[in-house]
>>> print(open('protein.pdb').read())   # PDB, C-alpha atoms, pLDDT in the B column
ATOM      1  CA  MET P  12     161.887 200.967 169.290  1.00 52.00           C
ATOM      2  CA  LYS P  13     159.691 201.449 166.271  1.00 59.00           C
ATOM      3  CA  LEU P  14     161.358 198.615 164.483  1.00 57.00           C
ATOM      4  CA  LYS P  15     160.737 196.258 167.390  1.00 65.00           C
ATOM      5  CA  SER P  16     157.073 197.224 167.445  1.00 64.00           C
ATOM      6  CA  VAL P  17     156.687 196.593 163.719  1.00 59.00           C
ATOM      7  CA  THR P  18     158.423 193.230 164.013  1.00 61.00           C
ATOM      8  CA  ARG P  19     156.165 192.222 166.915  1.00 67.00           C
ATOM      9  CA  ASN P  20     153.058 193.221 164.956  1.00 66.00           C
ATOM     10  CA  LEU P  21     154.197 191.261 161.940  1.00 57.00           C
ATOM     11  CA  SER P  22     154.868 188.199 164.057  1.00 65.00           C
ATOM     12  CA  ARG P  23     151.462 188.434 165.670  1.00 65.00           C
ATOM     13  CA  ASN P  24     149.743 188.889 162.312  1.00 62.00           C
ATOM     14  CA  LEU P  25     151.640 185.924 160.908  1.00 56.00           C
ATOM     15  CA  ALA P  26     150.648 183.770 163.861  1.00 59.00           C
ATOM     16  CA  VAL P  27     147.008 184.770 163.525  1.00 56.00           C
ATOM     17  CA  GLY P  28     147.166 184.078 159.800  1.00 55.00           C
ATOM     18  CA  LEU P  29     148.689 180.641 160.297  1.00 53.00           C
ATOM     19  CA  LEU P  30     146.118 179.794 162.961  1.00 50.00           C
ATOM     20  CA  ALA P  31     143.286 180.870 160.690  1.00 50.00           C
ATOM     21  CA  SER P  32     144.687 178.787 157.832  1.00 53.00           C
ATOM     22  CA  ALA P  33     144.996 175.761 160.099  1.00 52.00           C
ATOM     23  CA  LEU P  34     141.429 176.182 161.328  1.00 47.00           C
ATOM     24  CA  LEU P  35     140.113 176.568 157.779  1.00 47.00           C
ATOM     25  CA  ALA P  36     142.023 173.494 156.660  1.00 53.00           C
ATOM     26  CA  ALA P  37     140.694 171.530 159.616  1.00 50.00           C
ATOM     27  CA  GLY P  38     137.161 172.698 158.852  1.00 54.00           C
ATOM     28  CA  GLY P  39     137.525 171.705 155.197  1.00 57.00           C
ATOM     29  CA  CYS P  40     138.878 168.310 156.194  1.00 62.00           C
ATOM     30  CA  ALA P  41     135.992 167.713 158.574  1.00 72.00           C
ATOM     31  CA  ARG P  42     133.481 168.688 155.915  1.00 78.00           C
ATOM     32  CA  GLY P  43     135.192 166.346 153.439  1.00 89.00           C
ATOM     33  CA  LYS P  44     134.930 163.483 155.915  1.00 94.00           C
ATOM     34  CA  ASP P  45     131.267 164.231 156.586  1.00 94.00           C
ATOM     35  CA  ASP P  46     130.463 164.391 152.884  1.00 95.00           C
ATOM     36  CA  ALA P  47     132.318 161.159 152.186  1.00 96.00           C
ATOM     37  CA  THR P  48     130.718 159.364 155.148  1.00 97.00           C
ATOM     38  CA  GLN P  49     127.277 160.556 154.102  1.00 96.00           C
ATOM     39  CA  ALA P  50     127.937 159.441 150.514  1.00 97.00           C
ATOM     40  CA  VAL P  51     128.953 155.930 151.586  1.00 97.00           C
ATOM     41  CA  ASN P  52     126.031 155.623 154.022  1.00 97.00           C
ATOM     42  CA  SER P  53     123.640 156.705 151.289  1.00 97.00           C
ATOM     43  CA  GLU P  54     125.142 154.221 148.822  1.00 97.00           C
ATOM     44  CA  GLU P  55     124.900 151.398 151.349  1.00 97.00           C
ATOM     45  CA  ALA P  56     121.278 152.209 152.211  1.00 97.00           C
ATOM     46  CA  SER P  57     120.317 152.502 148.566  1.00 97.00           C
ATOM     47  CA  LEU P  58     121.980 149.207 147.697  1.00 97.00           C
ATOM     48  CA  ALA P  59     120.428 147.466 150.711  1.00 97.00           C
ATOM     49  CA  SER P  60     116.955 148.383 149.452  1.00 97.00           C
ATOM     50  CA  VAL P  61     117.466 146.412 146.254  1.00 97.00           C
ATOM     51  CA  ARG P  62     119.969 143.743 147.333  1.00 97.00           C
ATOM     52  CA  ASP P  63     117.563 140.812 147.858  1.00 97.00           C
ATOM     53  CA  ASP P  64     115.714 141.289 144.582  1.00 97.00           C
ATOM     54  CA  ALA P  65     118.950 141.990 142.715  1.00 97.00           C
ATOM     55  CA  ALA P  66     120.485 138.765 144.065  1.00 97.00           C
ATOM     56  CA  LYS P  67     117.532 136.931 142.560  1.00 96.00           C
ATOM     57  CA  TYR P  68     117.163 138.718 139.245  1.00 96.00           C
ATOM     58  CA  MET P  69     120.551 140.332 138.430  1.00 97.00           C
ATOM     59  CA  PRO P  70     123.283 138.635 140.506  1.00 97.00           C
ATOM     60  CA  ALA P  71     126.183 139.555 138.206  1.00 97.00           C
ATOM     61  CA  GLU P  72     125.199 143.221 138.120  1.00 97.00           C
ATOM     62  CA  LEU P  73     124.715 143.208 141.892  1.00 97.00           C
ATOM     63  CA  GLN P  74     128.218 141.831 142.387  1.00 97.00           C
ATOM     64  CA  SER P  75     129.648 144.641 140.264  1.00 97.00           C
ATOM     65  CA  VAL P  76     127.809 147.329 142.252  1.00 97.00           C
ATOM     66  CA  GLU P  77     128.758 145.658 145.550  1.00 97.00           C
ATOM     67  CA  SER P  78     132.411 145.913 144.464  1.00 98.00           C
ATOM     68  CA  SER P  79     132.013 149.630 143.765  1.00 97.00           C
ATOM     69  CA  VAL P  80     130.455 150.273 147.166  1.00 98.00           C
ATOM     70  CA  THR P  81     133.128 148.166 148.875  1.00 97.00           C
ATOM     71  CA  ALA P  82     135.803 150.239 147.123  1.00 97.00           C
ATOM     72  CA  GLN P  83     134.095 153.392 148.393  1.00 97.00           C
ATOM     73  CA  LYS P  84     134.117 152.033 151.950  1.00 97.00           C
ATOM     74  CA  GLU P  85     137.801 151.188 151.628  1.00 97.00           C
ATOM     75  CA  SER P  86     138.549 154.709 150.391  1.00 97.00           C
ATOM     76  CA  LEU P  87     136.622 156.128 153.318  1.00 97.00           C
ATOM     77  CA  ALA P  88     138.597 153.960 155.738  1.00 97.00           C
ATOM     78  CA  LYS P  89     141.824 155.210 154.149  1.00 97.00           C
ATOM     79  CA  LYS P  90     140.516 158.769 154.552  1.00 96.00           C
ATOM     80  CA  ASP P  91     140.523 159.314 150.786  1.00 96.00           C
ATOM     81  CA  TYR P  92     137.493 161.536 151.181  1.00 96.00           C
ATOM     82  CA  LYS P  93     137.974 163.348 147.898  1.00 96.00           C
ATOM     83  CA  VAL P  94     138.023 160.028 146.045  1.00 97.00           C
ATOM     84  CA  VAL P  95     134.832 158.917 147.796  1.00 97.00           C
ATOM     85  CA  VAL P  96     133.005 162.143 146.990  1.00 97.00           C
ATOM     86  CA  ALA P  97     134.291 162.155 143.408  1.00 97.00           C
ATOM     87  CA  ASN P  98     133.167 158.567 142.815  1.00 97.00           C
ATOM     88  CA  ALA P  99     129.790 158.939 144.528  1.00 97.00           C
ATOM     89  CA  PRO P 100     127.820 160.097 141.441  1.00 97.00           C
ATOM     90  CA  ALA P 101     129.023 157.140 139.365  1.00 97.00           C
ATOM     91  CA  VAL P 102     128.307 154.654 142.168  1.00 97.00           C
ATOM     92  CA  ASN P 103     124.845 156.132 142.729  1.00 97.00           C
ATOM     93  CA  SER P 104     124.203 155.950 139.020  1.00 97.00           C
ATOM     94  CA  SER P 105     125.173 152.261 138.935  1.00 98.00           C
ATOM     95  CA  ILE P 106     122.849 151.569 141.905  1.00 98.00           C
ATOM     96  CA  ASP P 107     120.021 153.402 140.116  1.00 97.00           C
ATOM     97  CA  SER P 108     120.667 151.342 136.979  1.00 97.00           C
ATOM     98  CA  LEU P 109     120.592 148.168 139.062  1.00 98.00           C
ATOM     99  CA  LYS P 110     117.280 149.223 140.612  1.00 97.00           C
ATOM    100  CA  ALA P 111     115.789 149.958 137.194  1.00 97.00           C
ATOM    101  CA  GLY P 112     117.056 146.655 135.814  1.00 97.00           C
ATOM    102  CA  VAL P 113     115.637 144.700 138.737  1.00 97.00           C
ATOM    103  CA  ALA P 114     112.280 146.473 138.418  1.00 97.00           C
ATOM    104  CA  ALA P 115     112.171 145.601 134.711  1.00 97.00           C
ATOM    105  CA  LYS P 116     113.047 141.965 135.410  1.00 96.00           C
ATOM    106  CA  MET P 117     110.377 141.752 138.095  1.00 96.00           C
ATOM    107  CA  GLU P 118     107.777 143.178 135.711  1.00 96.00           C
ATOM    108  CA  GLU P 119     108.927 140.747 133.028  1.00 95.00           C
ATOM    109  CA  ASN P 120     108.594 137.913 135.511  1.00 94.00           C
ATOM    110  CA  ARG P 121     105.118 139.036 136.560  1.00 95.00           C
ATOM    111  CA  ALA P 122     104.000 139.218 132.925  1.00 95.00           C
ATOM    112  CA  ALA P 123     105.458 135.786 132.215  1.00 94.00           C
ATOM    113  CA  GLY P 124     103.589 134.422 135.231  1.00 93.00           C
ATOM    114  CA  ALA P 125     100.316 135.861 133.946  1.00 93.00           C
ATOM    115  CA  GLU P 126     100.998 134.444 130.490  1.00 92.00           C
ATOM    116  CA  TRP P 127     101.791 131.049 131.959  1.00 92.00           C
ATOM    117  CA  SER P 128      98.561 131.153 133.933  1.00 90.00           C
ATOM    118  CA  THR P 129      96.655 131.663 130.671  1.00 88.00           C
ATOM    119  CA  TYR P 130      98.534 128.894 128.883  1.00 88.00           C
ATOM    120  CA  SER P 131      98.168 126.506 131.782  1.00 89.00           C
ATOM    121  CA  THR P 132      94.408 126.656 131.257  1.00 88.00           C
ATOM    122  CA  ALA P 133      94.290 126.952 127.478  1.00 90.00           C
ATOM    123  CA  VAL P 134      96.820 124.298 126.491  1.00 88.00           C
ATOM    124  CA  PRO P 135      95.125 121.371 128.244  1.00 89.00           C
ATOM    125  CA  GLN P 136      91.823 122.368 126.616  1.00 91.00           C
ATOM    126  CA  MET P 137      93.519 122.531 123.225  1.00 90.00           C
ATOM    127  CA  VAL P 138      95.170 119.158 123.798  1.00 91.00           C
ATOM    128  CA  THR P 139      91.825 117.657 124.773  1.00 92.00           C
ATOM    129  CA  ALA P 140      90.149 118.995 121.636  1.00 92.00           C
ATOM    130  CA  LEU P 141      92.952 117.713 119.413  1.00 91.00           C
ATOM    131  CA  GLN P 142      93.158 114.359 121.174  1.00 92.00           C
ATOM    132  CA  SER P 143      89.423 113.893 120.827  1.00 91.00           C
ATOM    133  CA  ARG P 144      89.578 114.528 117.090  1.00 92.00           C
ATOM    134  CA  ILE P 145      92.628 112.327 116.606  1.00 93.00           C
ATOM    135  CA  ASP P 146      90.966 109.496 118.527  1.00 91.00           C
ATOM    136  CA  THR P 147      87.923 109.732 116.263  1.00 91.00           C
ATOM    137  CA  LEU P 148      89.928 110.038 113.050  1.00 93.00           C
ATOM    138  CA  THR P 149      92.004 107.017 114.053  1.00 92.00           C
ATOM    139  CA  LYS P 150      88.778 105.002 113.912  1.00 91.00           C
ATOM    140  CA  SER P 151      87.930 106.382 110.462  1.00 90.00           C
ATOM    141  CA  LYS P 152      88.430 104.154 107.418  1.00 87.00           C
ATOM    142  CA  ARG P 153      89.690 107.105 105.386  1.00 88.00           C
ATOM    143  CA  MET P 154      90.694 110.703 105.956  1.00 90.00           C
ATOM    144  CA  PRO P 155      88.241 113.580 105.425  1.00 91.00           C
ATOM    145  CA  LYS P 156      88.645 115.632 102.237  1.00 88.00           C
ATOM    146  CA  ASN P 157      90.725 118.397 103.802  1.00 85.00           C
ATOM    147  CA  LEU P 158      93.220 116.066 105.527  1.00 89.00           C
ATOM    148  CA  ASP P 159      95.715 113.534 104.183  1.00 88.00           C
ATOM    149  CA  ALA P 160      97.543 110.772 106.032  1.00 88.00           C
ATOM    150  CA  THR P 161     100.815 112.718 106.169  1.00 91.00           C
ATOM    151  CA  ALA P 162      99.208 115.782 107.748  1.00 90.00           C
ATOM    152  CA  PHE P 163      97.333 113.545 110.176  1.00 92.00           C
ATOM    153  CA  GLY P 164     100.592 111.818 111.154  1.00 92.00           C
ATOM    154  CA  THR P 165     102.218 115.203 111.735  1.00 92.00           C
ATOM    155  CA  ALA P 166      99.276 116.330 113.862  1.00 90.00           C
ATOM    156  CA  LYS P 167      99.556 113.199 116.006  1.00 90.00           C
ATOM    157  CA  THR P 168     103.299 113.722 116.484  1.00 92.00           C
ATOM    158  CA  ASP P 169     102.825 117.401 117.316  1.00 90.00           C
ATOM    159  CA  LEU P 170     100.151 116.556 119.841  1.00 90.00           C
ATOM    160  CA  GLU P 171     102.398 114.034 121.568  1.00 90.00           C
ATOM    161  CA  THR P 172     105.109 116.709 121.713  1.00 88.00           C
ATOM    162  CA  MET P 173     102.650 119.183 123.264  1.00 82.00           C
ATOM    163  CA  LYS P 174     101.669 116.611 125.867  1.00 81.00           C
ATOM    164  CA  THR P 175     105.225 115.846 126.891  1.00 83.00           C
ATOM    165  CA  GLU P 176     106.525 119.439 127.019  1.00 76.00           C
TER     166      GLU P 176
ATOM    167  CA  MET M  26      92.840 116.661 130.594  1.00 39.00           C
ATOM    168  CA  GLU M  27      89.294 118.014 130.315  1.00 42.00           C
ATOM    169  CA  ASP M  28      86.906 115.789 132.217  1.00 41.00           C
ATOM    170  CA  GLY M  29      89.865 113.460 132.642  1.00 46.00           C
ATOM    171  CA  ASN M  30      88.807 111.304 129.675  1.00 57.00           C
ATOM    172  CA  ASN M  31      89.917 113.120 126.495  1.00 66.00           C
ATOM    173  CA  LYS M  32      86.273 113.966 125.706  1.00 83.00           C
ATOM    174  CA  VAL M  33      85.854 117.454 124.369  1.00 87.00           C
ATOM    175  CA  THR M  34      82.874 119.275 125.832  1.00 87.00           C
ATOM    176  CA  LYS M  35      80.939 122.393 124.903  1.00 87.00           C
ATOM    177  CA  THR M  36      82.813 124.404 127.510  1.00 88.00           C
ATOM    178  CA  ASN M  37      86.064 123.824 125.628  1.00 92.00           C
ATOM    179  CA  PRO M  38      86.925 126.989 123.648  1.00 91.00           C
ATOM    180  CA  TYR M  39      88.851 124.877 121.118  1.00 92.00           C
ATOM    181  CA  ALA M  40      85.885 122.637 120.337  1.00 93.00           C
ATOM    182  CA  GLN M  41      84.719 122.621 116.733  1.00 94.00           C
ATOM    183  CA  TYR M  42      81.088 123.127 115.812  1.00 96.00           C
ATOM    184  CA  HIS M  43      78.913 122.516 112.785  1.00 97.00           C
ATOM    185  CA  VAL M  44      75.732 124.477 112.175  1.00 98.00           C
ATOM    186  CA  VAL M  45      73.195 122.168 110.587  1.00 98.00           C
ATOM    187  CA  GLN M  46      72.168 123.148 107.064  1.00 97.00           C
ATOM    188  CA  LYS M  47      69.093 122.057 105.161  1.00 97.00           C
ATOM    189  CA  GLY M  48      69.752 118.546 103.814  1.00 96.00           C
ATOM    190  CA  ASP M  49      72.394 117.672 106.441  1.00 97.00           C
ATOM    191  CA  THR M  50      72.369 114.322 108.188  1.00 98.00           C
ATOM    192  CA  LEU M  51      74.658 113.130 110.953  1.00 98.00           C
ATOM    193  CA  SER M  52      76.158 110.618 108.495  1.00 97.00           C
ATOM    194  CA  LYS M  53      76.892 113.392 106.021  1.00 97.00           C
ATOM    195  CA  ILE M  54      78.435 115.542 108.730  1.00 97.00           C
ATOM    196  CA  ALA M  55      80.521 112.580 109.980  1.00 97.00           C
ATOM    197  CA  ASP M  56      81.762 112.028 106.440  1.00 95.00           C
ATOM    198  CA  GLU M  57      82.683 115.701 106.117  1.00 96.00           C
ATOM    199  CA  TYR M  58      84.630 115.905 109.366  1.00 95.00           C
ATOM    200  CA  TYR M  59      85.884 112.340 109.795  1.00 95.00           C
ATOM    201  CA  GLY M  60      85.854 110.891 106.296  1.00 95.00           C
ATOM    202  CA  ASP M  61      83.647 108.081 107.552  1.00 95.00           C
ATOM    203  CA  LYS M  62      79.838 108.170 107.615  1.00 95.00           C
ATOM    204  CA  MET M  63      79.750 105.295 110.083  1.00 95.00           C
ATOM    205  CA  LEU M  64      81.245 107.516 112.784  1.00 96.00           C
ATOM    206  CA  TYR M  65      78.034 109.563 113.121  1.00 97.00           C
ATOM    207  CA  PRO M  66      77.353 108.106 116.627  1.00 96.00           C
ATOM    208  CA  GLN M  67      80.375 110.096 117.842  1.00 94.00           C
ATOM    209  CA  ILE M  68      78.573 113.296 116.925  1.00 96.00           C
ATOM    210  CA  PHE M  69      75.265 112.088 118.249  1.00 97.00           C
ATOM    211  CA  ASP M  70      76.764 111.122 121.611  1.00 95.00           C
ATOM    212  CA  ALA M  71      78.504 114.475 121.951  1.00 94.00           C
ATOM    213  CA  ASN M  72      75.213 116.300 121.368  1.00 96.00           C
ATOM    214  CA  ARG M  73      72.740 114.295 123.411  1.00 95.00           C
ATOM    215  CA  ASP M  74      71.817 117.484 125.256  1.00 95.00           C
ATOM    216  CA  ILE M  75      70.094 118.764 122.112  1.00 96.00           C
ATOM    217  CA  LEU M  76      69.522 115.564 120.096  1.00 97.00           C
ATOM    218  CA  THR M  77      67.231 112.691 121.033  1.00 96.00           C
ATOM    219  CA  ASP M  78      67.331 110.836 117.734  1.00 97.00           C
ATOM    220  CA  PRO M  79      70.274 110.652 115.318  1.00 96.00           C
ATOM    221  CA  ASP M  80      67.877 110.845 112.403  1.00 96.00           C
ATOM    222  CA  LYS M  81      66.304 114.073 113.599  1.00 96.00           C
ATOM    223  CA  ILE M  82      68.465 117.134 113.266  1.00 97.00           C
ATOM    224  CA  LYS M  83      67.197 120.593 112.392  1.00 97.00           C
ATOM    225  CA  PRO M  84      68.750 123.399 110.359  1.00 97.00           C
ATOM    226  CA  GLY M  85      70.356 125.956 112.652  1.00 97.00           C
ATOM    227  CA  GLN M  86      71.321 123.486 115.366  1.00 97.00           C
ATOM    228  CA  ARG M  87      74.906 123.946 116.480  1.00 97.00           C
ATOM    229  CA  LEU M  88      76.508 120.552 116.851  1.00 97.00           C
ATOM    230  CA  LEU M  89      79.735 119.866 118.703  1.00 96.00           C
ATOM    231  CA  ILE M  90      82.139 117.890 116.525  1.00 96.00           C
ATOM    232  CA  PRO M  91      84.267 115.913 118.966  1.00 93.00           C
TER     233      PRO M  91
END
>>> encode(input="protein.pdb", output="structure tokens")
Amino acid sequence: MKLKSVTRNLSRNLAVGLLASALLAAGGCARGKDDATQAVNSEEASLASVRDDAAKYMPAELQSVESSVTAQKESLAKKDYKVVVANAPAVNSSIDSLKAGVAAKMEENRAAGAEWSTYSTAVPQMVTALQSRIDTLTKSKRMPKNLDATAFGTAKTDLETMKTE
Amino acid sequence: MEDGNNKVTKTNPYAQYHVVQKGDTLSKIADEYYGDKMLYPQIFDANRDILTDPDKIKPGQRLLIP
């Protein structure tokens, strides 16, 4: 009688233990899925915020990061949640690098635009000043003391180059 | 091009200037900058806003050398 009771208790305890283990495993699995889904969603959102500018300024780097995010989505679809979560820091880091690179390129582009704006005003004025002097010196019977014919010829050639570039 | 005719004006930051010294004449200045005294009218024409007679220049005047 006692033996039967002990056996029944053991069976019940074992069943409870197995049920608890199954529930814990299910809970862990669900958390893994949530974490992986959140990681991929975050990666996609982060990449979307820079995609247009990256396509313009760093297309090769964008393609590389797109591949990483696509791989993450494929892992998520295959329920490789651990892989997704494990790779998330590296993917996020590559997106951050892309963002920084694009920002730098945009700043570089803005600076170049400002520089061009300056040159676009200054160069024509410089060309006018040089052309004016060359036109006058062409009428001169001889060169002034500080200029010889070779240097004058070089100046004329350089000016023509400036005008055509 | 500035003014559309290759003429350098006083608003051009790359224009060259000569400050008249005692004893200067437009011919002398033309010889210095162009190597040809006979080109003085170029300087006179470029400075008609401050010159009325090519034979009358004053020390201290700042002449545009076109």
>>> interface_residues(input="protein.pdb", of="chain M", to="chain P", cutoff="7 Å", atoms="only C-alpha atoms", output="number ranges by chain")
M: 26-27, 31-33, 37, 39-40, 56-61, 91
>>> atom_distance(input="protein.pdb", atom1="CA of Asn120 in chain P", atom2="CA of Asn103 in chain P")
25.5 Å
>>> residues_around(input="protein.pdb", residues="Ser79 in chain P", least_positions_apart="3", cutoff="12 Å", atoms="only C-alpha atoms", output="PyMOL selection string")
chain P and resi 51+54-55+58+72-76+82-86+95+98-106
>>> residues_around(input="protein.pdb", residues="Thr50 in chain M", least_positions_apart="3", cutoff="12 Å", atoms="all atoms listed in the file", output="list in words")
His43, Val44, Val45, Gln46, Lys47, Lys53, Ile54, Ala55, Asp56, Glu57, Lys62, Met63, Tyr65, Pro66, Ile68, Phe69, Asp78, Pro79, Asp80, Lys81, Ile82, Lys83, Pro84, Gln86 and Leu88 of chain M
>>> axis_aligned_box(input="protein.pdb", around="range 31-42 of chain M", padding_each_side="5 Å", output="lines of an AutoDock Vina configuration file")
center_x = 85.4
center_y = 120.1
center_z = 121.7
size_x = 19.0
size_y = 23.9
size_z = 21.7
>>> atom_distance(input="protein.pdb", atom1="CA of Leu89 in chain M", atom2="CA of Thr172 in chain P")
25.7 Å
>>> closest_residue(input="protein.pdb", among="P:Ala125, P:Ala115, P:Glu171, P:Asp46", to="Ala97 in chain P", atoms="all atoms listed in the file")
P:Asp46
